[in-house]
>>> print(open('work_12.txt').read())   # compact mmCIF, C-alpha atoms and all ligand atoms
# COMPACT_ATOMS: atom_id res chain seq x y z
CA MET A 8 22.77 -12.02 3.61
CA THR A 9 19.28 -12.14 2.11
CA ASP A 10 19.59 -11.79 -1.67
CA LEU A 11 16.53 -10.33 -3.41
CA LYS A 12 18.30 -9.30 -6.61
CA GLY A 13 16.11 -9.79 -9.69
CA ARG A 14 12.96 -10.59 -7.72
CA ASP A 15 9.50 -9.03 -8.17
CA LEU A 16 7.23 -7.53 -5.53
CA LYS A 17 3.74 -8.13 -6.92
CA GLY A 18 2.30 -8.58 -3.44
CA ILE A 19 3.29 -9.35 0.15
CA ALA A 20 3.17 -13.10 -0.53
CA ASP A 21 6.25 -12.74 -2.76
CA PHE A 22 8.44 -12.16 0.32
CA SER A 23 9.06 -14.43 3.30
CA LYS A 24 8.85 -13.08 6.85
CA GLU A 25 12.67 -12.93 6.94
CA GLU A 26 12.83 -11.07 3.63
CA ILE A 27 10.27 -8.52 4.84
CA GLU A 28 12.23 -8.00 8.06
CA PHE A 29 15.49 -7.64 6.16
CA THR A 30 13.93 -5.08 3.79
CA LEU A 31 12.70 -3.08 6.78
CA GLU A 32 16.21 -3.19 8.31
CA VAL A 33 17.68 -1.85 5.05
CA ALA A 34 15.01 0.89 4.99
CA LYS A 35 16.00 1.87 8.53
CA GLN A 36 19.68 2.00 7.53
CA LEU A 37 18.98 4.11 4.42
CA LYS A 38 16.79 6.51 6.40
CA ARG A 39 19.57 6.92 8.96
CA GLU A 40 22.16 7.53 6.23
CA LEU A 41 19.93 10.13 4.55
CA LYS A 42 19.44 11.99 7.84
CA MET A 43 23.23 11.92 8.44
CA GLY A 44 23.91 13.23 4.94
CA LYS A 45 25.83 10.05 4.07
CA PRO A 46 25.56 9.28 0.34
CA HIS A 47 24.15 5.86 -0.58
CA ARG A 48 24.20 5.84 -4.38
CA LEU A 49 23.41 2.14 -4.62
CA LEU A 50 21.73 2.36 -8.03
CA GLU A 51 24.18 4.66 -9.82
CA GLY A 52 23.22 4.94 -13.49
CA LYS A 53 20.16 2.68 -13.17
CA SER A 54 16.74 3.50 -14.63
CA LEU A 55 13.33 2.76 -13.22
CA GLY A 56 10.19 2.99 -15.35
CA GLY A 57 7.27 4.34 -13.34
CA ILE A 58 4.11 3.25 -15.14
CA PHE A 59 1.09 5.01 -13.61
CA GLU A 60 -2.39 4.22 -14.90
CA THR A 61 -4.11 6.26 -12.17
CA PRO A 62 -3.12 9.48 -10.39
CA SER A 63 -0.64 9.30 -7.54
CA THR A 64 1.02 11.85 -5.27
CA ARG A 65 2.91 9.80 -2.70
CA THR A 66 3.82 6.72 -4.72
CA SER A 67 4.99 8.56 -7.82
CA VAL A 68 6.97 11.25 -6.00
CA SER A 69 8.51 8.86 -3.47
CA PHE A 70 9.65 6.42 -6.17
CA GLU A 71 11.13 9.23 -8.27
CA THR A 72 12.90 10.77 -5.26
CA ALA A 73 14.07 7.33 -4.14
CA MET A 74 15.76 6.69 -7.48
CA MET A 75 17.38 10.14 -7.46
CA GLN A 76 18.77 9.63 -3.92
CA LEU A 77 20.08 6.18 -4.93
CA GLY A 78 21.99 7.72 -7.86
CA GLY A 79 19.64 6.59 -10.60
CA HIS A 80 16.52 8.08 -12.10
CA MET A 81 12.87 7.32 -12.83
CA LEU A 82 11.08 7.84 -16.12
CA TRP A 83 7.42 8.81 -15.74
CA LEU A 84 5.52 6.56 -18.14
CA ASP A 85 1.81 7.11 -18.58
CA GLN A 86 -0.61 6.75 -21.48
CA HIS A 87 0.65 10.03 -22.97
CA ARG A 88 4.16 8.61 -23.21
CA LEU A 89 3.58 4.97 -24.15
CA TRP A 90 1.57 3.29 -26.93
CA VAL A 91 -0.97 2.14 -24.39
CA GLY A 92 -4.41 3.29 -23.29
CA GLU A 93 -7.68 3.55 -25.16
CA ALA A 94 -6.39 5.56 -28.11
CA ALA A 95 -3.39 3.48 -29.15
CA GLU A 96 -2.96 0.08 -27.55
CA GLU A 97 0.29 -1.66 -28.41
CA ASP A 98 0.35 -5.29 -27.41
CA TRP A 99 0.99 -5.01 -23.66
CA HIS A 100 3.61 -7.71 -23.68
CA ASP A 101 5.51 -6.04 -26.53
CA THR A 102 5.61 -2.86 -24.47
CA ILE A 103 6.89 -4.66 -21.39
CA LYS A 104 9.47 -6.70 -23.31
CA THR A 105 10.75 -3.52 -25.00
CA LEU A 106 10.98 -1.64 -21.70
CA SER A 107 12.97 -4.56 -20.26
CA ARG A 108 15.71 -3.87 -22.82
CA TYR A 109 16.18 -0.27 -21.62
CA LEU A 110 15.30 -0.21 -17.95
CA ASP A 111 16.55 -1.90 -14.77
CA GLY A 112 13.20 -2.08 -13.02
CA ILE A 113 9.53 -1.14 -13.28
CA ALA A 114 7.21 0.32 -10.64
CA TYR A 115 3.69 -0.22 -11.89
CA ARG A 116 0.41 1.29 -10.63
CA ALA A 117 -2.24 -0.65 -12.49
CA VAL A 118 -5.99 -0.54 -12.86
CA ARG A 119 -6.13 -4.35 -12.85
CA ARG A 120 -4.23 -7.03 -10.94
CA ASP A 121 -3.87 -9.25 -14.01
CA ARG A 122 -1.88 -6.50 -15.74
CA VAL A 123 0.61 -6.57 -12.86
CA GLU A 124 0.84 -10.36 -13.12
CA SER A 125 1.36 -10.34 -16.88
CA ALA A 126 3.84 -7.45 -16.75
CA ALA A 127 5.87 -9.39 -14.18
CA GLU A 128 5.73 -12.50 -16.34
CA TYR A 129 6.96 -10.73 -19.48
CA ALA A 130 9.49 -8.38 -17.86
CA ASP A 131 13.08 -9.59 -17.55
CA ILE A 132 13.65 -6.97 -14.85
CA PRO A 133 12.18 -6.57 -11.33
CA LEU A 134 8.53 -5.51 -11.27
CA ILE A 135 7.19 -3.67 -8.21
CA ASN A 136 3.45 -3.36 -7.68
CA ALA A 137 2.92 0.35 -6.98
CA SER A 138 -0.73 -0.41 -6.09
CA CYS A 139 -3.45 -2.25 -7.94
CA PRO A 140 -7.02 -3.07 -6.92
CA VAL A 141 -5.92 -6.23 -5.09
CA GLU A 142 -2.77 -5.11 -3.25
CA HIS A 143 -0.72 -2.11 -2.21
CA PRO A 144 2.40 -3.79 -0.84
CA CYS A 145 4.62 -0.67 -0.77
CA GLN A 146 2.15 1.11 1.52
CA ALA A 147 2.03 -1.92 3.82
CA PHE A 148 5.85 -1.84 4.12
CA ALA A 149 5.80 1.87 5.03
CA ASP A 150 3.03 1.30 7.57
CA VAL A 151 4.93 -1.44 9.36
CA MET A 152 8.14 0.60 9.38
CA THR A 153 6.21 3.47 10.98
CA MET A 154 4.66 1.23 13.63
CA MET A 155 8.09 -0.24 14.49
CA GLU A 156 9.62 3.22 14.83
CA LYS A 157 6.88 4.34 17.19
CA LYS A 158 6.43 1.27 19.39
CA GLY A 159 9.14 -1.32 18.61
CA PRO A 160 8.61 -4.84 17.25
CA VAL A 161 5.14 -5.33 15.78
CA ARG A 162 4.71 -8.97 16.84
CA ASN A 163 1.54 -9.08 18.96
CA ALA A 164 0.88 -5.35 18.53
CA LYS A 165 -2.82 -4.64 18.34
CA VAL A 166 -3.79 -2.88 15.12
CA ALA A 167 -7.31 -1.70 14.31
CA LEU A 168 -8.09 -1.00 10.67
CA LEU A 169 -11.30 1.00 10.57
CA TRP A 170 -13.43 1.57 7.47
CA GLY A 171 -14.33 5.23 7.06
CA TYR A 172 -16.99 6.64 4.77
CA ARG A 173 -15.90 8.56 1.67
CA SER A 174 -17.85 9.20 -1.51
CA ALA A 175 -15.11 7.71 -3.75
CA ASN A 176 -14.90 3.91 -4.01
CA PRO A 177 -11.29 2.74 -3.72
CA PRO A 178 -10.56 -0.99 -3.92
CA ALA A 179 -9.49 -3.05 -0.89
CA GLY A 180 -5.82 -3.26 -1.94
CA LEU A 181 -4.32 -1.80 1.21
CA THR A 182 -6.68 -3.78 3.46
CA ASN A 183 -5.60 -6.98 1.69
CA SER A 184 -1.88 -6.20 1.95
CA THR A 185 -2.29 -5.29 5.62
CA MET A 186 -3.94 -8.66 6.32
CA LEU A 187 -1.03 -10.45 4.66
CA MET A 188 1.49 -8.34 6.58
CA ALA A 189 -0.28 -9.23 9.88
CA GLY A 190 -0.08 -12.89 8.91
CA LYS A 191 3.63 -12.70 8.05
CA LEU A 192 4.82 -10.58 10.99
CA GLY A 193 2.42 -11.79 13.68
CA PHE A 194 0.46 -8.73 14.70
CA ASP A 195 -3.17 -8.80 15.80
CA LEU A 196 -5.27 -7.05 13.19
CA ALA A 197 -8.95 -6.28 13.76
CA ILE A 198 -10.76 -4.85 10.74
CA ALA A 199 -14.08 -3.04 11.25
CA PHE A 200 -16.33 -2.37 8.27
CA PRO A 201 -20.05 -2.22 7.43
CA GLU A 202 -21.82 -5.32 6.09
CA GLY A 203 -21.10 -5.70 2.37
CA PHE A 204 -17.69 -4.00 2.46
CA GLU A 205 -15.60 -7.07 3.21
CA PRO A 206 -12.00 -7.32 1.92
CA ASP A 207 -10.81 -10.18 -0.32
CA MET A 208 -11.73 -13.38 1.52
CA GLU A 209 -9.25 -15.54 -0.42
CA ILE A 210 -6.49 -13.25 0.77
CA LYS A 211 -7.93 -13.42 4.30
CA LYS A 212 -7.59 -17.22 4.13
CA ALA A 213 -3.96 -16.95 3.01
CA ALA A 214 -3.26 -14.41 5.78
CA ASP A 215 -4.86 -16.73 8.37
CA THR A 216 -2.58 -19.56 7.27
CA GLU A 217 0.49 -17.33 7.75
CA ALA A 218 -0.87 -16.06 11.08
CA LYS A 219 -0.99 -19.62 12.44
CA LEU A 220 2.79 -19.77 12.01
CA SER A 221 3.60 -16.25 13.18
CA GLY A 222 1.23 -16.04 16.16
CA GLY A 223 -0.75 -13.16 14.64
CA SER A 224 -4.48 -12.93 14.01
CA ILE A 225 -6.90 -11.29 11.61
CA ASN A 226 -10.44 -10.61 12.87
CA LEU A 227 -13.26 -9.13 10.84
CA VAL A 228 -15.86 -7.23 12.88
CA HIS A 229 -18.65 -4.74 12.26
CA SER A 230 -18.16 -2.11 14.95
CA TYR A 231 -15.43 0.37 15.77
CA GLU A 232 -15.58 -0.57 19.43
CA GLU A 233 -14.79 -4.25 18.87
CA ALA A 234 -11.78 -3.40 16.69
CA ALA A 235 -10.43 -0.33 18.47
CA ARG A 236 -10.61 -1.58 22.07
CA GLU A 237 -7.08 -1.46 23.55
CA ALA A 238 -5.51 -0.95 20.11
CA ASP A 239 -1.91 0.29 19.79
CA PHE A 240 -2.59 1.71 16.34
CA ILE A 241 -5.75 2.89 14.66
CA SER A 242 -5.50 2.98 10.89
CA ILE A 243 -8.34 4.38 8.81
CA TYR A 244 -9.08 3.49 5.22
CA SER A 245 -12.09 3.31 2.90
CA TRP A 246 -12.74 0.54 0.39
CA VAL A 247 -15.42 -1.37 -1.46
CA SER A 248 -15.63 -5.15 -1.57
CA PRO A 249 -13.94 -6.94 -4.49
CA ALA A 250 -17.41 -7.96 -5.77
CA VAL A 251 -18.52 -4.31 -5.98
CA PHE A 252 -15.23 -3.20 -7.49
CA ALA A 253 -15.36 -6.00 -10.07
CA LYS A 254 -18.67 -4.64 -11.38
CA GLY A 255 -16.53 -2.26 -13.36
CA LEU A 256 -14.39 0.79 -13.16
CA GLU A 257 -17.50 2.95 -13.73
CA THR A 258 -18.34 2.13 -10.13
CA HIS A 259 -14.93 3.33 -8.97
CA PHE A 260 -14.61 6.48 -11.01
CA GLN A 261 -18.16 7.62 -11.76
CA GLY A 262 -20.28 6.02 -9.07
CA ASP A 263 -23.35 3.84 -9.33
CA PRO A 264 -26.31 5.94 -8.09
CA GLU A 265 -28.09 3.02 -6.34
CA PHE A 266 -24.96 1.79 -4.60
CA GLN A 267 -23.93 5.33 -3.73
CA LYS A 268 -27.35 6.10 -2.20
CA LYS A 269 -27.13 3.07 0.08
CA LYS A 270 -23.55 3.84 0.94
CA ASP A 271 -24.39 7.43 1.87
CA THR A 272 -26.57 6.14 4.74
CA LEU A 273 -23.32 5.00 6.42
CA LYS A 274 -21.83 8.46 6.42
CA ASP A 275 -22.40 9.48 10.04
CA GLU A 276 -21.96 6.09 11.69
CA TRP A 277 -18.67 5.25 9.98
CA ARG A 278 -16.53 8.33 10.70
CA VAL A 279 -13.60 7.98 13.07
CA ASP A 280 -13.61 10.73 15.72
CA ALA A 281 -12.00 11.44 19.08
CA LYS A 282 -14.49 9.14 20.80
CA THR A 283 -13.39 6.24 18.58
CA VAL A 284 -9.73 6.94 19.31
CA GLY A 285 -10.62 7.06 23.04
CA MET A 286 -11.58 3.36 22.82
CA ALA A 287 -7.95 2.46 22.08
CA LYS A 288 -4.92 2.56 24.41
CA LYS A 289 -4.08 6.01 25.80
CA ASP A 290 -0.91 6.14 23.70
CA ALA A 291 -2.56 4.75 20.56
CA MET A 292 -1.44 6.29 17.30
CA VAL A 293 -3.55 7.23 14.31
CA MET A 294 -2.59 6.27 10.77
CA HIS A 295 -3.96 6.86 7.29
CA CYS A 296 -2.18 6.06 4.02
CA LEU A 297 -3.47 9.31 2.42
CA PRO A 298 -5.09 10.83 0.47
CA VAL A 299 -7.79 11.17 3.12
CA ALA A 300 -11.33 12.53 2.79
CA ARG A 301 -11.11 14.85 5.80
CA ASN A 302 -14.19 14.94 8.04
CA ASP A 303 -15.79 12.11 6.06
CA GLU A 304 -13.53 9.15 6.90
CA VAL A 305 -12.01 10.75 9.99
CA THR A 306 -12.31 14.12 11.65
CA ASP A 307 -9.80 16.93 11.37
CA GLU A 308 -9.56 16.87 15.15
CA VAL A 309 -8.15 13.33 15.03
CA LEU A 310 -5.95 13.88 11.96
CA ASN A 311 -4.43 17.03 13.46
CA SER A 312 -3.99 15.61 16.98
CA PRO A 313 -0.60 14.75 18.53
CA GLN A 314 -1.57 11.07 18.19
CA SER A 315 -1.63 11.35 14.40
CA ILE A 316 1.43 9.94 12.59
CA ILE A 317 0.06 10.25 9.05
CA PHE A 318 2.97 12.26 7.67
CA ASP A 319 5.60 9.96 9.24
CA GLU A 320 3.79 7.18 7.42
CA ALA A 321 3.90 9.15 4.15
CA GLU A 322 7.62 9.87 4.63
CA ASN A 323 8.39 6.20 5.19
CA ARG A 324 7.09 5.42 1.71
CA LEU A 325 10.38 6.94 0.52
CA HIS A 326 12.66 4.94 2.82
CA THR A 327 10.93 1.59 2.32
CA GLU A 328 10.80 2.02 -1.45
CA LYS A 329 14.51 2.86 -1.49
CA ALA A 330 15.19 -0.43 0.29
CA ILE A 331 12.92 -2.37 -2.07
CA LEU A 332 14.56 -0.79 -5.15
CA ALA A 333 18.12 -1.26 -3.90
CA LEU A 334 17.49 -4.90 -3.02
CA LEU A 335 15.50 -5.94 -6.09
CA MET A 336 17.63 -3.99 -8.58
CA GLY A 337 20.81 -5.40 -7.05
CA GLY A 338 22.47 -2.27 -5.69
CA TYR A 339 22.56 -3.29 -2.03
CA ARG A 340 25.69 -5.14 -0.96
N1 LIG A 401 -0.97 6.21 -0.39
C1 LIG A 401 -0.84 6.33 -1.73
O1 LIG A 401 -0.59 5.35 -2.44
O2 LIG A 401 -0.95 7.61 -2.19
P1 LIG A 401 -0.96 8.03 -3.73
O3 LIG A 401 -2.21 7.46 -4.35
O4 LIG A 401 -0.95 9.53 -3.70
O5 LIG A 401 0.25 7.47 -4.40
>>> encode(input="work_12.txt", output="structure tokens", more="lines below")
Ligand code: CP
Amino acid sequence: MTDLKGRDLKGIADFSKEEIEFTLEVAKQLKRELKMGKPHRLLEGKSLGGIFETPSTRTSVSFETAMMQLGGHMLWLDQHRLWVGEAAEEDWHDTIKTLSRYLDGIAYRAVRRDRVESAAEYADIPLINASCPVEHPCQAFADVMTMMEKKGPVRNAKVALLWGYRSANPPAGLTNSTMLMAGKLGFDLAIAFPEGFEPDMEIKKAADTEAKLSGGSINLVHSYEEAAREADFISIYSWVSPAVFAKGLETHFQGDPEFQKKKDTLKDEWRVDAKTVGMAKKDAMVMHCLPVARNDEVTDEVLNSPQSIIFDEAENRLHTEKAILALLMGGYR
């Protein structure tokens, strides 16, 4: 049996193809057991620290519920609870080393990738990246589980990831993790985005290397039609390039008027609507990790259509995170 006890999940590259597949199998089993009402208290008495540096609905609630269903619990740790943040910064490594003496694992949503890396280095317990600007591995796990449930094995499935306009400027974390997942599991990923909104090209290179082994592919294009043609799944997301994001968090949270003005010219061209979905296979399914900017990124008509599986995707955050927690924190036998 694959043993992941004590390991970290900082990004998709931390797991092999076999380890990803095994985790998804465990998620399927735990979902089945939950639906049957069969208890699976694999982390009885264990504590997870949920450190959240930005707001979160799905990730925070799914991790907390996951721990409760596994027989443990999660402590919500933000800047109001810890000696971190602008007002009172304790040495970050002292915080992490202290938490390691109380807790059995940490789920960390960070404003910077290097904080995830250093937390993992200093923690003596498993560290799970609960999203940072460079990767959102937990979302990528839930997305793949959802695709498998709907259409079977994902190898050679055609997935279109379409950039949609929104006024906020999220980083490319999910796009990057999806590229790596395509490389590991061998699906054909076409990503459509406007010039200047490219994902992380170093990660693209790493994903291409994996794709050579798995038989998958990652193509970057600049039109919906090229990406969506004959797709099995259409996933919508909005991001800015790493170069834009790296200019500073002001850009992300407050907006840069010049950048925003240019970006606003993309508003009508880069909205997914029923015509876009019509370019894909007849039985194509529509995904979005949520939260979504309705009628900016994608129309209500598409989000509310029978082809939309956005809430199945949200639900699977719970089941995949339960598997990740049970495996990394050593409860799964
Ligand atoms: N998809 C996702 O990570 O949602 P939250 O930001 O609400 O956690």
>>> axis_aligned_box(input="work_12.txt", around="ligand LIG 401 (chain A)", padding_each_side="6 Å", output="lines of an AutoDock Vina configuration file")
center_x = -1.0
center_y = 7.4
center_z = -2.4
size_x = 14.5
size_y = 16.2
size_z = 16.0
>>> residues_around(input="work_12.txt", residues="A:Thr272", least_positions_apart="6", cutoff="12 Å", atoms="all atoms listed in the file", output="list in words")
Tyr172, Arg173, Ser174, Pro201, Glu265, Phe266 and Arg278 of chain A
>>> residues_around(input="work_12.txt", residues="stretch 129-136 of chain A", least_positions_apart="2", cutoff="9 Å", atoms="only C-alpha atoms", output="PyMOL selection string")
chain A and resi 12-18+100-101+103-108+110-117+123-127+138-139+142-145+331-332+335-336
>>> residues_around(input="work_12.txt", residues="stretch 71-81 of chain A", least_positions_apart="3", cutoff="8 Å", atoms="all atoms listed in the file", output="MDAnalysis selection string")
chainID A and resid 47:57 67:68 325:326 328:329 332:333
>>> residues_near_ligand(input="work_12.txt", ligand="ligand LIG 401 (chain A)", cutoff="10 Å", atoms="only C-alpha atoms and all ligand atoms", output="ChimeraX atom specification")
/A:59,61-70,116,137-139,143-147,149,181,295-299,320-321,324
>>> atom_distance(input="work_12.txt", atom1="atom CA of A:Asn183", atom2="atom CA of A:Val91")
28.0 Å
>>> closest_residue(input="work_12.txt", among="A:Met152, A:Val279, A:Ala250, A:Met286", to="A:Ile316", atoms="only C-alpha atoms")
A:Met152
>>> closest_residue(input="work_12.txt", among="A:Phe22, A:Trp277, A:Phe318, A:Phe194", to="A:Asn302", atoms="all atoms listed in the file")
A:Trp277
>>> atom_distance(input="work_12.txt", atom1="atom CA of A:Arg162", atom2="atom CA of A:Phe204")
27.1 Å
>>> closest_residue(input="work_12.txt", among="A:Ser23, A:Trp83, A:Ile58, A:Ala213", to="A:Thr102", atoms="only C-alpha atoms")
A:Ile58
>>> decode(input="work_12.txt", residues="stretch 216-234 of chain A", atoms="N, CA, C and O atoms", output="compact mmCIF listing (two decimals), in the first residue's frame")
# COMPACT_ATOMS: atom_id res chain seq x y z
N THR A 216 7.28 18.13 -19.12
CA THR A 216 8.18 16.99 -18.90
C THR A 216 7.37 15.78 -18.41
O THR A 216 7.55 14.65 -18.89
N GLU A 217 6.47 16.03 -17.46
CA GLU A 217 5.61 14.94 -16.95
C GLU A 217 4.70 14.41 -18.05
O GLU A 217 4.46 13.21 -18.17
N ALA A 218 4.19 15.34 -18.88
CA ALA A 218 3.23 14.95 -19.93
C ALA A 218 3.88 14.02 -20.95
O ALA A 218 3.20 13.16 -21.53
N LYS A 219 5.18 14.18 -21.16
CA LYS A 219 5.88 13.29 -22.11
C LYS A 219 5.80 11.84 -21.63
O LYS A 219 5.72 10.91 -22.41
N LEU A 220 5.82 11.66 -20.33
CA LEU A 220 5.76 10.30 -19.76
C LEU A 220 4.33 9.77 -19.71
O LEU A 220 4.08 8.59 -19.90
N SER A 221 3.38 10.66 -19.44
CA SER A 221 2.00 10.21 -19.20
C SER A 221 1.16 10.17 -20.47
O SER A 221 0.07 9.60 -20.49
N GLY A 222 1.64 10.84 -21.52
CA GLY A 222 0.84 10.90 -22.76
C GLY A 222 -0.12 12.07 -22.78
O GLY A 222 -0.96 12.18 -23.67
N GLY A 223 -0.03 12.96 -21.81
CA GLY A 223 -0.89 14.15 -21.79
C GLY A 223 -0.29 15.28 -22.59
O GLY A 223 0.77 15.14 -23.24
N SER A 224 -0.94 16.44 -22.56
CA SER A 224 -0.40 17.61 -23.26
C SER A 224 -0.94 18.88 -22.61
O SER A 224 -2.03 18.88 -22.02
N ILE A 225 -0.16 19.93 -22.73
CA ILE A 225 -0.59 21.24 -22.21
C ILE A 225 -0.36 22.26 -23.33
O ILE A 225 0.78 22.47 -23.74
N ASN A 226 -1.44 22.83 -23.85
CA ASN A 226 -1.32 23.82 -24.93
C ASN A 226 -1.84 25.16 -24.48
O ASN A 226 -2.92 25.24 -23.88
N LEU A 227 -1.06 26.21 -24.77
CA LEU A 227 -1.48 27.56 -24.43
C LEU A 227 -1.95 28.24 -25.70
O LEU A 227 -1.22 28.28 -26.70
N VAL A 228 -3.18 28.76 -25.69
CA VAL A 228 -3.75 29.40 -26.88
C VAL A 228 -4.41 30.72 -26.46
O VAL A 228 -4.55 31.01 -25.27
N HIS A 229 -4.84 31.49 -27.48
CA HIS A 229 -5.41 32.80 -27.18
C HIS A 229 -6.83 32.97 -27.69
O HIS A 229 -7.27 34.09 -27.95
N SER A 230 -7.53 31.86 -27.90
CA SER A 230 -8.96 31.99 -28.24
C SER A 230 -9.74 30.85 -27.61
O SER A 230 -9.23 29.74 -27.45
N TYR A 231 -10.98 31.17 -27.26
CA TYR A 231 -11.85 30.14 -26.67
C TYR A 231 -12.03 28.98 -27.64
O TYR A 231 -12.03 27.82 -27.26
N GLU A 232 -12.21 29.33 -28.93
CA GLU A 232 -12.53 28.29 -29.90
C GLU A 232 -11.44 27.23 -29.98
O GLU A 232 -11.72 26.04 -29.97
N GLU A 233 -10.19 27.68 -30.03
CA GLU A 233 -9.07 26.72 -30.12
C GLU A 233 -9.04 25.78 -28.92
O GLU A 233 -8.73 24.61 -29.05
N ALA A 234 -9.34 26.32 -27.74
CA ALA A 234 -9.26 25.49 -26.53
C ALA A 234 -10.51 24.63 -26.34
O ALA A 234 -10.42 23.46 -25.95
